[in-house]
Amino acid sequence: MGGAFRSMVCAAMLWIAGTGVGLAESPAGYRSPPVGTEFFVTETTRFRVIAATDDSVTTENSSHIKVTWLGGLVTREMSAKDRARLMGFFPLAPGARLTYDAGPGSGRALTVVANDVVQVDGRTIPVVRVTRYQKDVEARGAVEGEYTLWFAPEYGFPLKLTYRHIAGDPPRTTDWQVVHIVPAGSVDGLWSFDLECHSSAFVRINRAIVRDGVLVNIASDHPSTYSATESALRLSRTGDQLELSGTMMNANGDAMTISAHGTLVGQSASGLGSILGHGARTGCPFTANRL
C-alpha cells in the first residue's frame with residue numbers, strides 16, 4: 001500500500017531540474033496571446049503579436065524588428081530539452097529557479113521573485129516579477145547583465161521590462177512598460193488613411209491614434225481649401241469591412257462629411273469613399289493601413 005502510494009505521488013509530481021520546486025498543483029501552463037494583440041509602450045510605439053505557438057510568441061515592433069519570446073520570458077533560442085523544461089516552469093511560483101544552457105562559458109537563469117501588479121489603462125493587472133540573468137563570453141570579455149520582467153499570465157507576455165548592467169559592453173536595450181493593450185480584432189491602434197477625391201479635395205492622415213474607435217490625434221498633410229484641419233472621426237469594423245466616418249473642418253472652416261469603406265486584408269484596407277461639403281465628391285479611392 002505504501003509503495004503504491006509513493007508511486008502515485010511520484011507520477012503526479014513535476015519537478016524542475018535543480019530547483020526543488022514541485023509543480024503537482026499546476027493545471028494551467030503557459031498560454032500565448034492571440035495573433036493581432038498589440039502592446040503599446042507609448043502612444044505610437046508597440047509590440048504586435050504576429051505569430052504564436054503553444055510555447056512561444058513572435059512580436060514585431062514599430063521599427064519592424066521581429067523577436068520570438070519563448071514562454072514570454074526568453075528571447076534567445078533554447079535546446080528542445082530546455083524548451084520543454086521552460087514549459088514545466090509554469091505556472092510561475094515565487095522562489096522557483098530555472099537554469100539552462102547557452103553555450104560554452106555562457107550562463108542563463110530565470111528566477112521567480114514575487115507576485116506583483118502593473119497599472120495599464122487605469123486597470124490593475126496581476127503579474128509575476130521574474131529576473132533573467134545572462135552572461136556571454138565574447139572576444140573582448142564577458143558581457144553580463146540581468147533583466148527584470150513583469151510577466152502577465154493573463155496575456156502570456158511581459159508588461160514591463162528593465163535591465164541592470166553588470167559587466168562588459170552594455171547591450172542596446174531600453175526599459176519599457178506597456179501603457180495600452182489592444183486585443184486582436186480591435187480597430188484601436190495607429191493608422192494612416194488616404195481618401196483622394198480631387199487634387200484639392202482629399203484627406204491624408206499619416207499617423208492617427210485610434211482609441212475606443214475614435215481618432216483622438218491626427219495630422220493631416222498638405223492642407224488645401226478642402227483638406228482637413230480638425231476632425232470628429234470614428235473607425236469601425238464589421239468582419240473584414242472597415243469604415244471611416246464622421247466630420248472634418250477644412251482650411252476655410254467649412255464642415256465636411258467623410259464616409260469611406262474598405263475591405264481589410266491583413267493590416268491594410270482599400271475601397272471607396274466620399275467627401276461631402278459645398279459639393280459632393282463620391283466614388284473616391286480609399287486606403288487605410290495599420291502602422
# chains A, B, ... in the order shown; residues from 1 in each chain; ligands from 1

call {"tool": "residues_around", "arguments": {"residues": "A:Gly279", "least_positions_apart": "3", "cutoff": "12 Å", "atoms": "only C-alpha atoms", "output": "ChimeraX atom specification"}}
result
/A:197-198,201,226,254-257,274-276,282

call {"tool": "write_last_selection", "arguments": {"atoms": "C-alpha atoms", "output": "PDB file, in the first residue's frame"}}
result
ATOM      1  CA  CYS A 197     -11.327  62.771 -54.439  1.00  0.00           C
ATOM      2  CA  HIS A 198      -9.553  65.614 -56.260  1.00  0.00           C
ATOM      3  CA  ALA A 201     -10.341  67.632 -52.143  1.00  0.00           C
ATOM      4  CA  TYR A 226     -10.677  71.158 -48.934  1.00  0.00           C
ATOM      5  CA  ASP A 254     -16.259  74.573 -43.650  1.00  0.00           C
ATOM      6  CA  ALA A 255     -17.656  71.293 -42.357  1.00  0.00           C
ATOM      7  CA  MET A 256     -17.103  68.188 -44.449  1.00  0.00           C
ATOM      8  CA  THR A 257     -18.751  64.815 -44.014  1.00  0.00           C
ATOM      9  CA  SER A 274     -16.889  60.314 -50.316  1.00  0.00           C
ATOM     10  CA  ILE A 275     -16.291  63.870 -49.133  1.00  0.00           C
ATOM     11  CA  LEU A 276     -19.455  65.979 -48.829  1.00  0.00           C
ATOM     12  CA  THR A 282     -18.139  60.389 -54.352  1.00  0.00           C
TER      13      THR A 282
END

call {"tool": "closest_residue", "arguments": {"among": "A:Gly266, A:Gly253, A:Gly156, A:Gly271", "to": "A:Ile50", "atoms": "only C-alpha atoms"}}
result
A:Gly266

call {"tool": "closest_residue", "arguments": {"among": "A:Gly262, A:Gly88, A:Gly103, A:Gly145", "to": "A:Asp169", "atoms": "only C-alpha atoms"}}
result
A:Gly145

call {"tool": "select_by_dssp", "arguments": {"residues": "stretch 145-245 of chain A", "states": "strand (DSSP E)", "output": "number ranges by chain"}}
result
A: 145-152, 157-167, 176-177, 180-182, 189-198, 201-211, 214-217, 228-238, 241-245

call {"tool": "closest_residue", "arguments": {"among": "A:Phe286, A:Phe40, A:Tyr155, A:Phe202", "to": "A:Asp121", "atoms": "only C-alpha atoms"}}
result
A:Phe40

call {"tool": "atom_distance", "arguments": {"atom1": "atom CA of A:Lys135", "atom2": "atom CA of A:Asp55"}}
result
23.8 Å

call {"tool": "select_by_dssp", "arguments": {"residues": "stretch 29-233 of chain A", "states": "helix (DSSP H, G or I)", "output": "PyMOL selection string"}}
result
chain A and resi 80-87

call {"tool": "residues_around", "arguments": {"residues": "A:Val74", "least_positions_apart": "2", "cutoff": "12 Å", "atoms": "only C-alpha atoms", "output": "PyMOL selection string"}}
result
chain A and resi 55-58+67-72+76-78+82-83+86-87+98-100+102+108-110+130-134+147-149+151+157-158

call {"tool": "closest_residue", "arguments": {"among": "A:Asp175, A:Glu43, A:Asp188, A:Glu196", "to": "A:Arg211", "atoms": "only C-alpha atoms"}}
result
A:Asp188

call {"tool": "closest_residue", "arguments": {"among": "A:Ala280, A:Val117, A:Val137, A:Ala260", "to": "A:Arg237", "atoms": "only C-alpha atoms"}}
result
A:Ala260

call {"tool": "closest_atom_pairs", "arguments": {"of": "stretch 107-147 of chain A", "to": "stretch 164-168 of chain A", "cutoff": "6 Å", "atoms": "only C-alpha atoms", "output": "tab-separated table"}}
result
residue	atom	partner	partner_atom	distance
A:Ala142	CA	A:Gly168	CA	5.7
A:Val143	CA	A:Gly168	CA	4.3
A:Glu144	CA	A:Ala167	CA	4.9
A:Gly145	CA	A:His165	CA	4.5
A:Glu146	CA	A:Arg164	CA	5.2

call {"tool": "write_last_selection", "arguments": {"atoms": "C-alpha atoms", "output": "JSON list (two decimals), in the first residue's frame"}}
result
[["chain", "number", "residue", "atom", "x", "y", "z"],
["A", 142, "ALA", "CA", 32.27, 38.67, -20.61],
["A", 143, "VAL", "CA", 29.03, 40.60, -21.07],
["A", 144, "GLU", "CA", 26.86, 40.18, -18.03],
["A", 145, "GLY", "CA", 23.51, 41.63, -17.06],
["A", 146, "GLU", "CA", 20.10, 40.96, -15.60]]

call {"tool": "atom_distance", "arguments": {"atom1": "atom CA of A:Val120", "atom2": "atom CA of A:Arg31"}}
result
19.9 Å
